[in-house]
Amino acid sequence: MTKKEVRILTLANYDIEPGFRFLDIGAGTGSISLQAAAMGAEVTAIEVNGEGVELIEENAKNLGLKLRVIEGKAPQELPDETFDGIFIGGSKGTLRELVAYAKDHLSPGGRLVGNFVTMKNGAKFKEELEENFSQISLSVITVANEDWLGILRGQNPIFMIGGTLSAPRDTEDKE
């Protein structure tokens, strides 16, 4: 599950308001999806693990949130729709394909963000973004929380990388 501090910083990458169309790829337990829905986004979450899908649906019901959950593998079972923001929480080795999907399914100015626990995957993602996205950002998030003894216990650092889909260039000559 994405920890609270990382969720907050991840969703700060998007200008979420009611009606914002948001896709969460590799939704896991759904913490990003549920938070985005609570902020007013129209959320679609895709997760390959059936237990994760059940947990997302159960938590959405308990919280009174509405979102669409797809049990399936990305990018094969991703919807052919346009989104204002796409988040990649898990890629199962398909980063290149997911970035290509985002390029074709993000609205102009839409934001694609991914969180990674390894520098290797983060570097691959950043490289893919640099081909078609602008305003690329990379942050390393480190969080430590105090335990019952008063000792700070660090969580694994997260590499948060994002980019904005550039608006299509006007190719007509201006006179």
# chains A, B, ... in the order shown; residues from 1 in each chain; ligands from 1

$ residues_around --residues "Glu54 (chain A)" --least-positions-apart "5" --cutoff "12 Å" --atoms "only C-alpha atoms" --output "PyMOL selection string"
chain A and resi 27-30+45-49+59-61+69-71

$ closest_residue --among "A:Ile151, A:Met119, A:Ala41, A:Leu165" --to "Ala100 (chain A)" --atoms "only C-alpha atoms"
A:Leu165

$ residues_around --residues "Asp104 (chain A)" --least-positions-apart "5" --cutoff "12 Å" --atoms "only C-alpha atoms" --output "ChimeraX atom specification"
/A:78-84,86,97-99,110,112,132-133,165-168

$ write_last_selection --atoms "N, CA, C and O atoms" --output "JSON list (two decimals), in the first residue's frame"
[["chain", "number", "residue", "atom", "x", "y", "z"],
["A", 78, "LEU", "N", -6.36, -2.22, -20.94],
["A", 78, "LEU", "CA", -6.64, -0.82, -20.63],
["A", 78, "LEU", "C", -7.73, -0.29, -21.55],
["A", 78, "LEU", "O", -7.80, -0.67, -22.73],
["A", 79, "PRO", "N", -8.57, 0.58, -21.05],
["A", 79, "PRO", "CA", -9.67, 1.10, -21.87],
["A", 79, "PRO", "C", -9.18, 2.08, -22.94],
["A", 79, "PRO", "O", -8.19, 2.78, -22.74],
["A", 80, "ASP", "N", -9.89, 2.11, -24.05],
["A", 80, "ASP", "CA", -9.58, 3.04, -25.14],
["A", 80, "ASP", "C", -10.34, 4.34, -24.87],
["A", 80, "ASP", "O", -11.36, 4.62, -25.49],
["A", 81, "GLU", "N", -9.85, 5.09, -23.90],
["A", 81, "GLU", "CA", -10.47, 6.33, -23.45],
["A", 81, "GLU", "C", -9.38, 7.37, -23.22],
["A", 81, "GLU", "O", -8.21, 7.01, -23.10],
["A", 82, "THR", "N", -9.78, 8.61, -23.11],
["A", 82, "THR", "CA", -8.84, 9.69, -22.82],
["A", 82, "THR", "C", -8.91, 10.04, -21.34],
["A", 82, "THR", "O", -9.99, 10.09, -20.76],
["A", 83, "PHE", "N", -7.75, 10.29, -20.75],
["A", 83, "PHE", "CA", -7.64, 10.63, -19.34],
["A", 83, "PHE", "C", -6.90, 11.95, -19.17],
["A", 83, "PHE", "O", -6.07, 12.31, -20.01],
["A", 84, "ASP", "N", -7.18, 12.64, -18.07],
["A", 84, "ASP", "CA", -6.47, 13.88, -17.74],
["A", 84, "ASP", "C", -5.18, 13.59, -16.99],
["A", 84, "ASP", "O", -4.25, 14.39, -17.01],
["A", 86, "ILE", "N", -2.65, 10.05, -15.62],
["A", 86, "ILE", "CA", -2.41, 8.61, -15.51],
["A", 86, "ILE", "C", -1.29, 8.41, -14.50],
["A", 86, "ILE", "O", -0.27, 9.10, -14.54],
["A", 97, "GLU", "N", 5.50, 0.09, -23.16],
["A", 97, "GLU", "CA", 4.14, -0.01, -23.68],
["A", 97, "GLU", "C", 3.18, 0.90, -22.93],
["A", 97, "GLU", "O", 2.27, 1.48, -23.52],
["A", 98, "LEU", "N", 3.38, 1.04, -21.62],
["A", 98, "LEU", "CA", 2.50, 1.89, -20.82],
["A", 98, "LEU", "C", 2.71, 3.37, -21.16],
["A", 98, "LEU", "O", 1.75, 4.14, -21.21],
["A", 99, "VAL", "N", 3.94, 3.77, -21.39],
["A", 99, "VAL", "CA", 4.21, 5.15, -21.79],
["A", 99, "VAL", "C", 3.60, 5.42, -23.17],
["A", 99, "VAL", "O", 3.00, 6.48, -23.40],
["A", 110, "GLY", "N", -2.00, 16.65, -20.20],
["A", 110, "GLY", "CA", -2.20, 15.64, -19.17],
["A", 110, "GLY", "C", -0.88, 15.19, -18.57],
["A", 110, "GLY", "O", 0.18, 15.30, -19.19],
["A", 112, "LEU", "N", 1.53, 12.25, -16.68],
["A", 112, "LEU", "CA", 1.84, 10.84, -16.42],
["A", 112, "LEU", "C", 2.88, 10.80, -15.32],
["A", 112, "LEU", "O", 3.93, 11.44, -15.43],
["A", 132, "ASN", "N", 8.66, 12.01, -25.48],
["A", 132, "ASN", "CA", 7.38, 12.60, -25.87],
["A", 132, "ASN", "C", 6.73, 13.50, -24.84],
["A", 132, "ASN", "O", 5.64, 14.02, -25.08],
["A", 133, "PHE", "N", 7.36, 13.70, -23.71],
["A", 133, "PHE", "CA", 6.76, 14.48, -22.65],
["A", 133, "PHE", "C", 7.66, 15.66, -22.30],
["A", 133, "PHE", "O", 8.84, 15.65, -22.57],
["A", 165, "LEU", "N", 2.20, 15.69, -21.08],
["A", 165, "LEU", "CA", 2.07, 15.46, -22.52],
["A", 165, "LEU", "C", 1.96, 16.81, -23.20],
["A", 165, "LEU", "O", 1.06, 17.60, -22.91],
["A", 166, "SER", "N", 2.90, 17.06, -24.07],
["A", 166, "SER", "CA", 2.90, 18.33, -24.80],
["A", 166, "SER", "C", 1.71, 18.39, -25.73],
["A", 166, "SER", "O", 1.29, 17.38, -26.29],
["A", 167, "ALA", "N", 1.17, 19.58, -25.90],
["A", 167, "ALA", "CA", 0.09, 19.77, -26.87],
["A", 167, "ALA", "C", 0.65, 19.52, -28.25],
["A", 167, "ALA", "O", 1.81, 19.80, -28.54],
["A", 168, "PRO", "N", -0.17, 18.96, -29.16],
["A", 168, "PRO", "CA", 0.32, 18.73, -30.51],
["A", 168, "PRO", "C", 0.77, 20.02, -31.16],
["A", 168, "PRO", "O", 0.15, 21.06, -30.97]]

$ residues_around --residues "Asn121 (chain A)" --least-positions-apart "3" --cutoff "12 Å" --atoms "only C-alpha atoms" --output "PDB file with all heavy atoms, in the first residue's frame"
ATOM      1  N   ILE A  88       1.203   5.341 -12.805  1.00  0.00           N
ATOM      2  CA  ILE A  88       1.705   3.967 -12.897  1.00  0.00           C
ATOM      3  C   ILE A  88       2.280   3.585 -11.541  1.00  0.00           C
ATOM      4  O   ILE A  88       3.302   4.105 -11.119  1.00  0.00           O
ATOM      5  CB  ILE A  88       2.767   3.813 -14.003  1.00  0.00           C
ATOM      6  CG1 ILE A  88       2.174   4.157 -15.364  1.00  0.00           C
ATOM      7  CG2 ILE A  88       3.340   2.393 -13.992  1.00  0.00           C
ATOM      8  CD1 ILE A  88       3.173   4.166 -16.506  1.00  0.00           C
ATOM      9  N   GLY A  89       1.586   2.672 -10.882  1.00  0.00           N
ATOM     10  CA  GLY A  89       2.052   2.172  -9.595  1.00  0.00           C
ATOM     11  C   GLY A  89       2.729   0.817  -9.725  1.00  0.00           C
ATOM     12  O   GLY A  89       3.476   0.394  -8.858  1.00  0.00           O
ATOM     13  N   GLY A  90       2.473   0.140 -10.836  1.00  0.00           N
ATOM     14  CA  GLY A  90       3.083  -1.156 -11.132  1.00  0.00           C
ATOM     15  C   GLY A  90       3.055  -1.379 -12.627  1.00  0.00           C
ATOM     16  O   GLY A  90       2.081  -1.027 -13.289  1.00  0.00           O
ATOM     17  N   SER A  91       4.137  -1.947 -13.151  1.00  0.00           N
ATOM     18  CA  SER A  91       4.239  -2.072 -14.617  1.00  0.00           C
ATOM     19  C   SER A  91       4.452  -3.502 -15.109  1.00  0.00           C
ATOM     20  O   SER A  91       4.253  -3.769 -16.287  1.00  0.00           O
ATOM     21  CB  SER A  91       5.379  -1.205 -15.135  1.00  0.00           C
ATOM     22  OG  SER A  91       6.623  -1.669 -14.634  1.00  0.00           O
ATOM     23  N   LYS A  92       4.868  -4.388 -14.249  1.00  0.00           N
ATOM     24  CA  LYS A  92       5.116  -5.788 -14.638  1.00  0.00           C
ATOM     25  C   LYS A  92       5.975  -5.885 -15.908  1.00  0.00           C
ATOM     26  O   LYS A  92       5.709  -6.689 -16.799  1.00  0.00           O
ATOM     27  CB  LYS A  92       3.804  -6.542 -14.846  1.00  0.00           C
ATOM     28  CG  LYS A  92       2.885  -6.544 -13.646  1.00  0.00           C
ATOM     29  CD  LYS A  92       3.192  -7.688 -12.733  1.00  0.00           C
ATOM     30  CE  LYS A  92       2.121  -7.786 -11.665  1.00  0.00           C
ATOM     31  NZ  LYS A  92       2.617  -8.271 -10.425  1.00  0.00           N
ATOM     32  N   GLY A  93       6.987  -5.004 -16.019  1.00  0.00           N
ATOM     33  CA  GLY A  93       7.922  -5.074 -17.137  1.00  0.00           C
ATOM     34  C   GLY A  93       7.421  -4.482 -18.440  1.00  0.00           C
ATOM     35  O   GLY A  93       8.008  -4.736 -19.488  1.00  0.00           O
ATOM     36  N   THR A  94       6.356  -3.690 -18.397  1.00  0.00           N
ATOM     37  CA  THR A  94       5.791  -3.140 -19.637  1.00  0.00           C
ATOM     38  C   THR A  94       5.870  -1.610 -19.680  1.00  0.00           C
ATOM     39  O   THR A  94       4.985  -0.956 -20.238  1.00  0.00           O
ATOM     40  CB  THR A  94       4.323  -3.585 -19.810  1.00  0.00           C
ATOM     41  OG1 THR A  94       3.560  -3.090 -18.710  1.00  0.00           O
ATOM     42  CG2 THR A  94       4.200  -5.092 -19.903  1.00  0.00           C
ATOM     43  N   LEU A  95       6.907  -1.023 -19.111  1.00  0.00           N
ATOM     44  CA  LEU A  95       7.010   0.435 -19.053  1.00  0.00           C
ATOM     45  C   LEU A  95       6.907   1.094 -20.423  1.00  0.00           C
ATOM     46  O   LEU A  95       6.174   2.071 -20.591  1.00  0.00           O
ATOM     47  CB  LEU A  95       8.314   0.860 -18.381  1.00  0.00           C
ATOM     48  CG  LEU A  95       8.333   0.805 -16.866  1.00  0.00           C
ATOM     49  CD1 LEU A  95       9.708   1.177 -16.334  1.00  0.00           C
ATOM     50  CD2 LEU A  95       7.281   1.722 -16.288  1.00  0.00           C
ATOM     51  N   ARG A  96       7.640   0.596 -21.388  1.00  0.00           N
ATOM     52  CA  ARG A  96       7.620   1.198 -22.729  1.00  0.00           C
ATOM     53  C   ARG A  96       6.200   1.211 -23.288  1.00  0.00           C
ATOM     54  O   ARG A  96       5.726   2.209 -23.817  1.00  0.00           O
ATOM     55  CB  ARG A  96       8.555   0.447 -23.680  1.00  0.00           C
ATOM     56  CG  ARG A  96       8.441   0.954 -25.128  1.00  0.00           C
ATOM     57  CD  ARG A  96       9.478   0.365 -26.026  1.00  0.00           C
ATOM     58  NE  ARG A  96      10.679   1.149 -25.766  1.00  0.00           N
ATOM     59  CZ  ARG A  96      11.914   0.699 -25.852  1.00  0.00           C
ATOM     60  NH1 ARG A  96      12.128  -0.540 -26.215  1.00  0.00           N
ATOM     61  NH2 ARG A  96      12.940   1.480 -25.620  1.00  0.00           N
ATOM     62  N   GLY A 114       4.873   8.100 -12.402  1.00  0.00           N
ATOM     63  CA  GLY A 114       5.131   6.742 -11.937  1.00  0.00           C
ATOM     64  C   GLY A 114       5.968   6.771 -10.677  1.00  0.00           C
ATOM     65  O   GLY A 114       6.835   7.628 -10.518  1.00  0.00           O
ATOM     66  N   ASN A 115       5.691   5.843  -9.780  1.00  0.00           N
ATOM     67  CA  ASN A 115       6.481   5.676  -8.560  1.00  0.00           C
ATOM     68  C   ASN A 115       7.227   4.359  -8.645  1.00  0.00           C
ATOM     69  O   ASN A 115       6.629   3.335  -9.005  1.00  0.00           O
ATOM     70  CB  ASN A 115       5.584   5.678  -7.318  1.00  0.00           C
ATOM     71  CG  ASN A 115       5.028   7.048  -7.010  1.00  0.00           C
ATOM     72  OD1 ASN A 115       5.406   8.044  -7.607  1.00  0.00           O
ATOM     73  ND2 ASN A 115       4.119   7.099  -6.050  1.00  0.00           N
ATOM     74  N   PHE A 116       8.513   4.395  -8.303  1.00  0.00           N
ATOM     75  CA  PHE A 116       9.366   3.214  -8.439  1.00  0.00           C
ATOM     76  C   PHE A 116      10.214   3.025  -7.201  1.00  0.00           C
ATOM     77  O   PHE A 116      10.681   3.993  -6.604  1.00  0.00           O
ATOM     78  CB  PHE A 116      10.271   3.375  -9.674  1.00  0.00           C
ATOM     79  CG  PHE A 116       9.492   3.599 -10.936  1.00  0.00           C
ATOM     80  CD1 PHE A 116       9.184   4.879 -11.357  1.00  0.00           C
ATOM     81  CD2 PHE A 116       9.014   2.531 -11.673  1.00  0.00           C
ATOM     82  CE1 PHE A 116       8.429   5.100 -12.493  1.00  0.00           C
ATOM     83  CE2 PHE A 116       8.261   2.736 -12.810  1.00  0.00           C
ATOM     84  CZ  PHE A 116       7.971   4.034 -13.227  1.00  0.00           C
ATOM     85  N   VAL A 117      10.424   1.757  -6.848  1.00  0.00           N
ATOM     86  CA  VAL A 117      11.280   1.460  -5.705  1.00  0.00           C
ATOM     87  C   VAL A 117      12.717   1.190  -6.129  1.00  0.00           C
ATOM     88  O   VAL A 117      13.607   1.199  -5.290  1.00  0.00           O
ATOM     89  CB  VAL A 117      10.739   0.280  -4.842  1.00  0.00           C
ATOM     90  CG1 VAL A 117       9.438   0.667  -4.174  1.00  0.00           C
ATOM     91  CG2 VAL A 117      10.590  -0.965  -5.656  1.00  0.00           C
ATOM     92  N   THR A 118      12.954   0.969  -7.428  1.00  0.00           N
ATOM     93  CA  THR A 118      14.322   0.752  -7.896  1.00  0.00           C
ATOM     94  C   THR A 118      14.747   1.870  -8.854  1.00  0.00           C
ATOM     95  O   THR A 118      13.948   2.354  -9.657  1.00  0.00           O
ATOM     96  CB  THR A 118      14.495  -0.597  -8.631  1.00  0.00           C
ATOM     97  OG1 THR A 118      13.755  -0.573  -9.849  1.00  0.00           O
ATOM     98  CG2 THR A 118      14.041  -1.765  -7.749  1.00  0.00           C
ATOM     99  N   LYS A 124      14.590   3.861 -16.514  1.00  0.00           N
ATOM    100  CA  LYS A 124      13.938   3.427 -17.767  1.00  0.00           C
ATOM    101  C   LYS A 124      12.713   4.287 -18.055  1.00  0.00           C
ATOM    102  O   LYS A 124      12.487   4.714 -19.179  1.00  0.00           O
ATOM    103  CB  LYS A 124      13.504   1.957 -17.669  1.00  0.00           C
ATOM    104  CG  LYS A 124      14.610   0.968 -17.794  1.00  0.00           C
ATOM    105  CD  LYS A 124      14.038  -0.446 -17.692  1.00  0.00           C
ATOM    106  CE  LYS A 124      15.129  -1.474 -17.665  1.00  0.00           C
ATOM    107  NZ  LYS A 124      14.593  -2.847 -17.499  1.00  0.00           N
ATOM    108  N   PHE A 125      11.917   4.533 -17.024  1.00  0.00           N
ATOM    109  CA  PHE A 125      10.704   5.325 -17.178  1.00  0.00           C
ATOM    110  C   PHE A 125      11.052   6.749 -17.615  1.00  0.00           C
ATOM    111  O   PHE A 125      10.458   7.292 -18.548  1.00  0.00           O
ATOM    112  CB  PHE A 125       9.932   5.331 -15.859  1.00  0.00           C
ATOM    113  CG  PHE A 125       8.616   6.057 -15.911  1.00  0.00           C
ATOM    114  CD1 PHE A 125       7.571   5.577 -16.684  1.00  0.00           C
ATOM    115  CD2 PHE A 125       8.418   7.206 -15.163  1.00  0.00           C
ATOM    116  CE1 PHE A 125       6.339   6.228 -16.715  1.00  0.00           C
ATOM    117  CE2 PHE A 125       7.196   7.862 -15.182  1.00  0.00           C
ATOM    118  CZ  PHE A 125       6.165   7.376 -15.963  1.00  0.00           C
ATOM    119  N   LYS A 126      12.023   7.361 -16.962  1.00  0.00           N
ATOM    120  CA  LYS A 126      12.429   8.726 -17.293  1.00  0.00           C
ATOM    121  C   LYS A 126      12.915   8.797 -18.736  1.00  0.00           C
ATOM    122  O   LYS A 126      12.586   9.733 -19.475  1.00  0.00           O
ATOM    123  CB  LYS A 126      13.508   9.207 -16.334  1.00  0.00           C
ATOM    124  CG  LYS A 126      13.884  10.666 -16.526  1.00  0.00           C
ATOM    125  CD  LYS A 126      14.808  11.140 -15.425  1.00  0.00           C
ATOM    126  CE  LYS A 126      15.113  12.602 -15.557  1.00  0.00           C
ATOM    127  NZ  LYS A 126      16.210  12.887 -16.462  1.00  0.00           N
ATOM    128  N   GLU A 127      13.667   7.813 -19.148  1.00  0.00           N
ATOM    129  CA  GLU A 127      14.154   7.765 -20.536  1.00  0.00           C
ATOM    130  C   GLU A 127      12.995   7.703 -21.526  1.00  0.00           C
ATOM    131  O   GLU A 127      12.993   8.389 -22.544  1.00  0.00           O
ATOM    132  CB  GLU A 127      15.062   6.541 -20.703  1.00  0.00           C
ATOM    133  CG  GLU A 127      15.801   6.483 -22.015  1.00  0.00           C
ATOM    134  CD  GLU A 127      16.740   5.296 -22.037  1.00  0.00           C
ATOM    135  OE1 GLU A 127      17.692   5.286 -21.232  1.00  0.00           O
ATOM    136  OE2 GLU A 127      16.507   4.383 -22.847  1.00  0.00           O
ATOM    137  N   GLU A 128      11.983   6.904 -21.222  1.00  0.00           N
ATOM    138  CA  GLU A 128      10.806   6.809 -22.093  1.00  0.00           C
ATOM    139  C   GLU A 128      10.042   8.138 -22.126  1.00  0.00           C
ATOM    140  O   GLU A 128       9.566   8.550 -23.179  1.00  0.00           O
ATOM    141  CB  GLU A 128       9.870   5.684 -21.623  1.00  0.00           C
ATOM    142  CG  GLU A 128      10.423   4.287 -21.802  1.00  0.00           C
ATOM    143  CD  GLU A 128      10.600   3.882 -23.253  1.00  0.00           C
ATOM    144  OE1 GLU A 128       9.829   4.356 -24.109  1.00  0.00           O
ATOM    145  OE2 GLU A 128      11.513   3.094 -23.530  1.00  0.00           O
ATOM    146  N   ILE A 158      11.241   6.192  -2.497  1.00  0.00           N
ATOM    147  CA  ILE A 158      10.423   6.075  -3.707  1.00  0.00           C
ATOM    148  C   ILE A 158      10.935   7.087  -4.721  1.00  0.00           C
ATOM    149  O   ILE A 158      11.122   8.264  -4.395  1.00  0.00           O
ATOM    150  CB  ILE A 158       8.934   6.374  -3.402  1.00  0.00           C
ATOM    151  CG1 ILE A 158       8.385   5.409  -2.348  1.00  0.00           C
ATOM    152  CG2 ILE A 158       8.094   6.350  -4.678  1.00  0.00           C
ATOM    153  CD1 ILE A 158       8.310   3.970  -2.775  1.00  0.00           C
ATOM    154  N   PHE A 159      11.151   6.635  -5.945  1.00  0.00           N
ATOM    155  CA  PHE A 159      11.516   7.508  -7.049  1.00  0.00           C
ATOM    156  C   PHE A 159      10.223   7.896  -7.753  1.00  0.00           C
ATOM    157  O   PHE A 159       9.562   7.044  -8.348  1.00  0.00           O
ATOM    158  CB  PHE A 159      12.463   6.802  -8.018  1.00  0.00           C
ATOM    159  CG  PHE A 159      13.761   6.418  -7.375  1.00  0.00           C
ATOM    160  CD1 PHE A 159      13.898   5.190  -6.743  1.00  0.00           C
ATOM    161  CD2 PHE A 159      14.834   7.295  -7.363  1.00  0.00           C
ATOM    162  CE1 PHE A 159      15.082   4.831  -6.118  1.00  0.00           C
ATOM    163  CE2 PHE A 159      16.019   6.950  -6.745  1.00  0.00           C
ATOM    164  CZ  PHE A 159      16.151   5.720  -6.119  1.00  0.00           C
ATOM    165  N   MET A 160       9.849   9.176  -7.649  1.00  0.00           N
ATOM    166  CA  MET A 160       8.640   9.678  -8.280  1.00  0.00           C
ATOM    167  C   MET A 160       9.057  10.470  -9.517  1.00  0.00           C
ATOM    168  O   MET A 160       9.794  11.442  -9.419  1.00  0.00           O
ATOM    169  CB  MET A 160       7.867  10.583  -7.328  1.00  0.00           C
ATOM    170  CG  MET A 160       6.579  11.121  -7.924  1.00  0.00           C
ATOM    171  SD  MET A 160       5.748  12.281  -6.821  1.00  0.00           S
ATOM    172  CE  MET A 160       5.573  11.290  -5.356  1.00  0.00           C
ATOM    173  N   ILE A 161       8.572  10.015 -10.670  1.00  0.00           N
ATOM    174  CA  ILE A 161       8.964  10.619 -11.940  1.00  0.00           C
ATOM    175  C   ILE A 161       7.701  10.935 -12.719  1.00  0.00           C
ATOM    176  O   ILE A 161       6.783  10.110 -12.784  1.00  0.00           O
ATOM    177  CB  ILE A 161       9.870   9.668 -12.732  1.00  0.00           C
ATOM    178  CG1 ILE A 161      11.094   9.315 -11.882  1.00  0.00           C
ATOM    179  CG2 ILE A 161      10.282  10.281 -14.070  1.00  0.00           C
ATOM    180  CD1 ILE A 161      11.818   8.080 -12.282  1.00  0.00           C
TER     181      ILE A 161
END

$ closest_residue --among "A:Gly109, A:Gly72, A:Gly154, A:Gly85" --to "Phe22 (chain A)" --atoms "only C-alpha atoms"
A:Gly85

$ select_by_dssp --residues "region 30-126 of chain A" --states "alpha helix (DSSP H)" --output "MDAnalysis selection string"
chainID A and resid 31:38 50:63 95:105 119:126
